[in-house]
Amino acid sequence: MRISRLSMLSVFSVLLLWMAGCVSGYNPVTGENRFYAYSWEDEREIGAETDREITAQYGVYPDRSLQAYVDHVGQAVLQESDLRSPAAPAKFRNSPFTFRVLDSPVVNAFALPGGYIYITRGLLAYLQNEAQLAVVLGHEIGHVAARHSSRRVLKSRIGQVGLLAGSVIGSHVFESPQLTKQVVNLSGTAMQLLFLKYSRDDERQADRLGVEYAGNAGYSAGEASGFFQTLNRMSERQGQTLPSWQSTHPDPGQREQKVVELAEDLSSTTQMTRVRSEAYLSHIDGLVFGEDPREGYTEDGVFYHPEMHFKFSVPAGWSVQNQKTMVAFGSPNGAAAITFQLAQANTAEQAARQFSESQGVEVKDAGQTDVHGHPAYAMTAVAKTQQGVVGIRQYFIEHRDHVFAFTGYTGLQNYANMRAIFEQTLRSFATLKDPKKIDVSPLRLNLVTLERAAEFRTFVASLPEGVTAADVALLNQTRLDAALDAGRKLKLPAP
Ligand SMILES: [Zn+2]
């Protein structure tokens with residue numbers, strides 16, 4: 001996380017304006033009129049509002065040249081899309097698109113309605129060439145052009161705050177959707193945890209459109225099968241959290257085949273020769289790889305924040321999601337959560353008072369305390385949410401010029417079981433002083449040209465801690481026993 005706090009409440013109230021209706025509108029892909037939850041104008045407005053939240057939450061990757069490059073490829077693919085077809089009404093043709101690289105290690109790409117496309121640095125690391133990038137961006141343009149979000153919202157009759165926004169982010173901290181919703185309702189800050197899937201038909205259509213748009217822009221779209229193969233291999237690996245693009249996009253195996261067939265069909269009528277491997281790789285040389293420890297990291301059950309100089313313990317077996325505006329942990333069974341974030345207040349007591357005045361919150365006990373020398377205010381409360389009553393243990397802690405809200409949540413019936421874990425975790429907050437834990441830097445992809453032909457594994461004999469040869473094989477869309485030629489370029493993570 002960073003020291004930034006997004007006013008989620010304002011985003012929520014804006015989104016509330018767009019309670020889903022049922023609007024007849026034009027589908028740029030089929031050229032027919034269909035029913036949607038939102039008009040195109042509403043979709044554009046929702047996209048613009050939510051874009052502010054996404055960029056605040058995930059952060060834009062700080063490399064202008066890389067941003068410009070991804071935008072350039074995206075705009076070229078967009079030119080070949082149904083949204084730029086002479087047959088499309090002017091309001092579609094004139095809608096500008098924004099392409100952004102997000103500063104997240106999660107392997108993900110997604111679109112917001114109305115023309116906002118995101119790709120993470122985590123996904124960029126796994127691509128080998130510009131043609132693959134073009135198909136991934138084309139797939140997301142396809143979701144926007146076919147107005148899939150707007151259709152999903154209508155079909156599921158959800159039409160509620162944030163779900164449209166949540167549909168696209170695809171990060172899921174907690175196993176239990178119910179708890180996720182509770183956390184969202186309470187804090188109003190976890191909208192991104194919501195998760196609405198496109199249908200398989202939507203995904204197939206987006207794949208087809210991605211190949212078509214990228215192919216018509218001159219890209220060798222069949223290259224994308226190498227990336228789908230990588231996704232497939234990731235999903236085969238045990239004990240690893242599935243990256244989001246893969247968990248929302250079923251059957252990477254089938255897609256790997258299908259994308260080749262689609263590209264072959266198209267190539268009979270279209271010149272599709274652009275691969276641009278060198279250009280692509282030179283743009284991601286030096287890309288940050290994996291978690292950026294400067295924004296917080298977990299080691300041996302302790303979360304450290306080297307820039308904000310604090311640490312606290314993480315309960316054994318809990319998953320940790322470190323986001324820009326908060327750190328969230330989920331219990332192994334998904335029944336409880338702990339969040340850590342900035343509170344907008346000058347003192348712990350003021351923050352506690354603000355919280356106790358929130359709607360539906362009933363404070364059971366509250367009082368001044370001290371956590372490892374930090375002035376703090378501890379509180380036990382219950383809160384009514386749409387999903388039931390939740391038990392809350394919360395500490396507001398003063399640290400330097402900030403007040404942090406450290407909060408444990410669970411269903412009321414489970415609260416007695418969780419109370420000791422909550423208390424232990426919240427009270428573990430302390431100032432970080434150890435220079436070894438403070439002086440950390442991220443891994444970066446280092447582009448290396450092979451001077452000799454040899455098996456891949458010989459080039460990855462020594463790697464930074466926490467990175468395996470198998471990881472690096474995936475990164476390079478190759479295998480440990482693959483025979484590589486001299487002159488081939490490899491992406492190697494290095495400190
Ligand atoms: Zn998709």
# chains A, B, ... in the order shown; residues from 1 in each chain; ligands from 1

call {"tool": "residues_near_ligand", "arguments": {"ligand": "ligand 1", "cutoff": "9 Å", "atoms": "only C-alpha atoms and all ligand atoms", "output": "ChimeraX atom specification"}}
result
/A:109-111,136,139-140,142-143,197-198,200,202-207,245,248-249

call {"tool": "write_last_selection", "arguments": {"atoms": "C-alpha atoms", "output": "mmCIF file, in the first residue's frame"}}
result
data_model
loop_
_atom_site.group_PDB
_atom_site.id
_atom_site.type_symbol
_atom_site.label_atom_id
_atom_site.label_comp_id
_atom_site.auth_asym_id
_atom_site.auth_seq_id
_atom_site.Cartn_x
_atom_site.Cartn_y
_atom_site.Cartn_z
ATOM 1 C CA ALA A 109 -6.044 -7.623 -18.260
ATOM 2 C CA PHE A 110 -9.525 -6.191 -18.201
ATOM 3 C CA ALA A 111 -11.806 -3.597 -19.677
ATOM 4 C CA VAL A 136 -4.832 -9.571 -25.483
ATOM 5 C CA HIS A 139 -9.820 -9.391 -26.641
ATOM 6 C CA GLU A 140 -10.531 -6.602 -24.138
ATOM 7 C CA GLY A 142 -13.938 -6.979 -27.994
ATOM 8 C CA HIS A 143 -15.613 -7.059 -24.552
ATOM 9 C CA LYS A 197 -17.792 -13.272 -14.643
ATOM 10 C CA TYR A 198 -18.495 -12.963 -18.307
ATOM 11 C CA ARG A 200 -18.202 -18.538 -21.775
ATOM 12 C CA ASP A 202 -18.819 -13.815 -24.178
ATOM 13 C CA GLU A 203 -15.245 -15.042 -23.745
ATOM 14 C CA ARG A 204 -15.313 -17.021 -26.963
ATOM 15 C CA GLN A 205 -16.639 -14.000 -28.783
ATOM 16 C CA ALA A 206 -13.950 -11.766 -27.239
ATOM 17 C CA ASP A 207 -11.248 -14.254 -28.316
ATOM 18 C CA TRP A 245 -7.043 -13.641 -16.264
ATOM 19 C CA THR A 248 -12.045 -15.650 -15.279
ATOM 20 C CA HIS A 249 -11.157 -17.087 -18.661
#

call {"tool": "residues_around", "arguments": {"residues": "Tyr280 in chain A", "least_positions_apart": "6", "cutoff": "9 Å", "atoms": "only C-alpha atoms", "output": "NGL selection string"}}
result
:A and (69 or 127-131 or 133)

call {"tool": "residues_around", "arguments": {"residues": "range 22-27 of chain A", "least_positions_apart": "4", "cutoff": "8 Å", "atoms": "only C-alpha atoms", "output": "PyMOL selection string"}}
result
chain A and resi 31-40+145-147+154

call {"tool": "select_by_dssp", "arguments": {"residues": "range 311-363 of chain A", "states": "strand (DSSP E or B)", "output": "VMD selection string"}}
result
chain A and resid 311 to 313 319 to 322 326 to 330 336 to 343 361 to 363

call {"tool": "closest_residue", "arguments": {"among": "A:Ser95, A:Val448, A:Val320, A:Val389", "to": "Val302 in chain A", "atoms": "only C-alpha atoms"}}
result
A:Val320

call {"tool": "closest_atom_pairs", "arguments": {"of": "range 384-449 of chain A", "to": "range 459-463 of chain A", "cutoff": "12 Å", "atoms": "only C-alpha atoms", "output": "CSV"}}
result
residue,atom,partner,partner_atom,distance
A:Leu443,CA,A:Leu463,CA,10.8
A:Leu445,CA,A:Leu463,CA,11.9
A:Asn446,CA,A:Leu463,CA,11.9
A:Val448,CA,A:Phe459,CA,9.9
A:Thr449,CA,A:Phe459,CA,10.8

call {"tool": "select_by_dssp", "arguments": {"residues": "range 24-76 of chain A", "states": "helix (DSSP H, G or I)", "output": "ChimeraX atom specification"}}
result
/A:40-58,64-76

call {"tool": "write_last_selection", "arguments": {"atoms": "N, CA and C atoms", "output": "mmCIF file, in the first residue's frame"}}
result
data_model
loop_
_atom_site.group_PDB
_atom_site.id
_atom_site.type_symbol
_atom_site.label_atom_id
_atom_site.label_comp_id
_atom_site.auth_asym_id
_atom_site.auth_seq_id
_atom_site.Cartn_x
_atom_site.Cartn_y
_atom_site.Cartn_z
ATOM 1 N N TRP A 40 -25.017 3.636 -23.920
ATOM 2 C CA TRP A 40 -23.583 3.796 -24.219
ATOM 3 C C TRP A 40 -23.015 5.013 -23.476
ATOM 4 N N GLU A 41 -23.806 6.084 -23.405
ATOM 5 C CA GLU A 41 -23.361 7.295 -22.704
ATOM 6 C C GLU A 41 -23.126 6.979 -21.223
ATOM 7 N N ASP A 42 -24.046 6.210 -20.635
ATOM 8 C CA ASP A 42 -23.858 5.811 -19.232
ATOM 9 C C ASP A 42 -22.620 4.932 -19.079
ATOM 10 N N GLU A 43 -22.430 4.020 -20.024
ATOM 11 C CA GLU A 43 -21.254 3.152 -19.936
ATOM 12 C C GLU A 43 -19.980 3.980 -19.938
ATOM 13 N N ARG A 44 -19.946 4.994 -20.780
ATOM 14 C CA ARG A 44 -18.749 5.838 -20.852
ATOM 15 C C ARG A 44 -18.531 6.577 -19.533
ATOM 16 N N GLU A 45 -19.621 7.031 -18.948
ATOM 17 C CA GLU A 45 -19.503 7.772 -17.698
ATOM 18 C C GLU A 45 -19.065 6.850 -16.552
ATOM 19 N N ILE A 46 -19.629 5.658 -16.519
ATOM 20 C CA ILE A 46 -19.227 4.683 -15.493
ATOM 21 C C ILE A 46 -17.751 4.339 -15.658
ATOM 22 N N GLY A 47 -17.337 4.155 -16.910
ATOM 23 C CA GLY A 47 -15.929 3.851 -17.174
ATOM 24 C C GLY A 47 -15.017 4.955 -16.660
ATOM 25 N N ALA A 48 -15.373 6.189 -16.951
ATOM 26 C CA ALA A 48 -14.519 7.310 -16.560
ATOM 27 C C ALA A 48 -14.423 7.425 -15.038
ATOM 28 N N GLU A 49 -15.550 7.266 -14.360
ATOM 29 C CA GLU A 49 -15.540 7.348 -12.894
ATOM 30 C C GLU A 49 -14.719 6.219 -12.289
ATOM 31 N N THR A 50 -14.952 5.016 -12.807
ATOM 32 C CA THR A 50 -14.294 3.859 -12.220
ATOM 33 C C THR A 50 -12.806 3.869 -12.531
ATOM 34 N N ASP A 51 -12.448 4.434 -13.662
ATOM 35 C CA ASP A 51 -11.030 4.546 -14.017
ATOM 36 C C ASP A 51 -10.260 5.279 -12.921
ATOM 37 N N ARG A 52 -10.858 6.325 -12.358
ATOM 38 C CA ARG A 52 -10.194 7.071 -11.287
ATOM 39 C C ARG A 52 -9.915 6.153 -10.100
ATOM 40 N N GLU A 53 -10.878 5.307 -9.825
ATOM 41 C CA GLU A 53 -10.719 4.404 -8.689
ATOM 42 C C GLU A 53 -9.666 3.332 -8.958
ATOM 43 N N ILE A 54 -9.709 2.788 -10.175
ATOM 44 C CA ILE A 54 -8.741 1.737 -10.526
ATOM 45 C C ILE A 54 -7.319 2.279 -10.461
ATOM 46 N N THR A 55 -7.111 3.457 -11.016
ATOM 47 C CA THR A 55 -5.744 3.983 -11.035
ATOM 48 C C THR A 55 -5.287 4.321 -9.616
ATOM 49 N N ALA A 56 -6.224 4.773 -8.761
ATOM 50 C CA ALA A 56 -5.840 5.046 -7.371
ATOM 51 C C ALA A 56 -5.531 3.746 -6.635
ATOM 52 N N GLN A 57 -6.306 2.726 -6.906
ATOM 53 C CA GLN A 57 -6.174 1.478 -6.166
ATOM 54 C C GLN A 57 -4.952 0.678 -6.601
ATOM 55 N N TYR A 58 -4.718 0.599 -7.892
ATOM 56 C CA TYR A 58 -3.628 -0.237 -8.393
ATOM 57 C C TYR A 58 -2.386 0.565 -8.757
ATOM 58 N N ARG A 64 6.678 6.023 -18.671
ATOM 59 C CA ARG A 64 5.903 6.686 -19.720
ATOM 60 C C ARG A 64 6.092 6.059 -21.079
ATOM 61 N N SER A 65 7.315 5.624 -21.342
ATOM 62 C CA SER A 65 7.574 5.072 -22.665
ATOM 63 C C SER A 65 6.820 3.746 -22.842
ATOM 64 N N LEU A 66 6.764 2.947 -21.780
ATOM 65 C CA LEU A 66 6.004 1.694 -21.857
ATOM 66 C C LEU A 66 4.505 1.982 -21.990
ATOM 67 N N GLN A 67 4.014 2.952 -21.238
ATOM 68 C CA GLN A 67 2.598 3.329 -21.345
ATOM 69 C C GLN A 67 2.269 3.760 -22.776
ATOM 70 N N ALA A 68 3.149 4.580 -23.354
ATOM 71 C CA ALA A 68 2.905 5.095 -24.704
ATOM 72 C C ALA A 68 2.928 3.957 -25.720
ATOM 73 N N TYR A 69 3.825 3.012 -25.504
ATOM 74 C CA TYR A 69 3.940 1.874 -26.415
ATOM 75 C C TYR A 69 2.664 1.019 -26.387
ATOM 76 N N VAL A 70 2.190 0.700 -25.185
ATOM 77 C CA VAL A 70 0.974 -0.122 -25.064
ATOM 78 C C VAL A 70 -0.215 0.633 -25.657
ATOM 79 N N ASP A 71 -0.281 1.925 -25.419
ATOM 80 C CA ASP A 71 -1.353 2.730 -25.993
ATOM 81 C C ASP A 71 -1.287 2.700 -27.523
ATOM 82 N N HIS A 72 -0.085 2.808 -28.051
ATOM 83 C CA HIS A 72 0.106 2.813 -29.494
ATOM 84 C C HIS A 72 -0.398 1.503 -30.118
ATOM 85 N N VAL A 73 -0.018 0.377 -29.520
ATOM 86 C CA VAL A 73 -0.478 -0.921 -30.040
ATOM 87 C C VAL A 73 -1.998 -1.022 -29.889
ATOM 88 N N GLY A 74 -2.502 -0.610 -28.739
ATOM 89 C CA GLY A 74 -3.943 -0.669 -28.487
ATOM 90 C C GLY A 74 -4.733 0.152 -29.500
ATOM 91 N N GLN A 75 -4.253 1.369 -29.776
ATOM 92 C CA GLN A 75 -4.976 2.237 -30.720
ATOM 93 C C GLN A 75 -4.966 1.640 -32.126
ATOM 94 N N ALA A 76 -3.854 0.986 -32.496
ATOM 95 C CA ALA A 76 -3.772 0.375 -33.834
ATOM 96 C C ALA A 76 -4.796 -0.760 -33.963
#

call {"tool": "residues_around", "arguments": {"residues": "Ile438 in chain A", "least_positions_apart": "4", "cutoff": "12 Å", "atoms": "only C-alpha atoms", "output": "PyMOL selection string"}}
result
chain A and resi 293-297+303-311+431-434

call {"tool": "write_last_selection", "arguments": {"atoms": "C-alpha atoms", "output": "CSV table (one decimal), in the first residue's frame"}}
result
chain,number,residue,atom,x,y,z
A,293,PRO,CA,8.7,-4.9,-1.6
A,294,ARG,CA,9.0,-1.2,-1.2
A,295,GLU,CA,5.2,-1.1,-1.0
A,296,GLY,CA,5.0,-3.8,1.7
A,297,TYR,CA,5.9,-7.5,1.8
A,303,PHE,CA,4.1,-7.9,7.0
A,304,TYR,CA,6.7,-5.1,6.6
A,305,HIS,CA,6.2,-1.7,5.1
A,306,PRO,CA,9.7,-0.3,4.5
A,307,GLU,CA,8.5,3.1,3.3
A,308,MET,CA,5.9,3.8,6.0
A,309,HIS,CA,8.1,2.1,8.6
A,310,PHE,CA,5.7,-0.3,10.3
A,311,LYS,CA,5.2,-4.0,10.7
A,431,THR,CA,7.5,0.7,14.2
A,432,LEU,CA,9.9,-0.9,11.7
A,433,LYS,CA,13.5,0.0,12.6
A,434,ASP,CA,15.5,-3.0,11.2
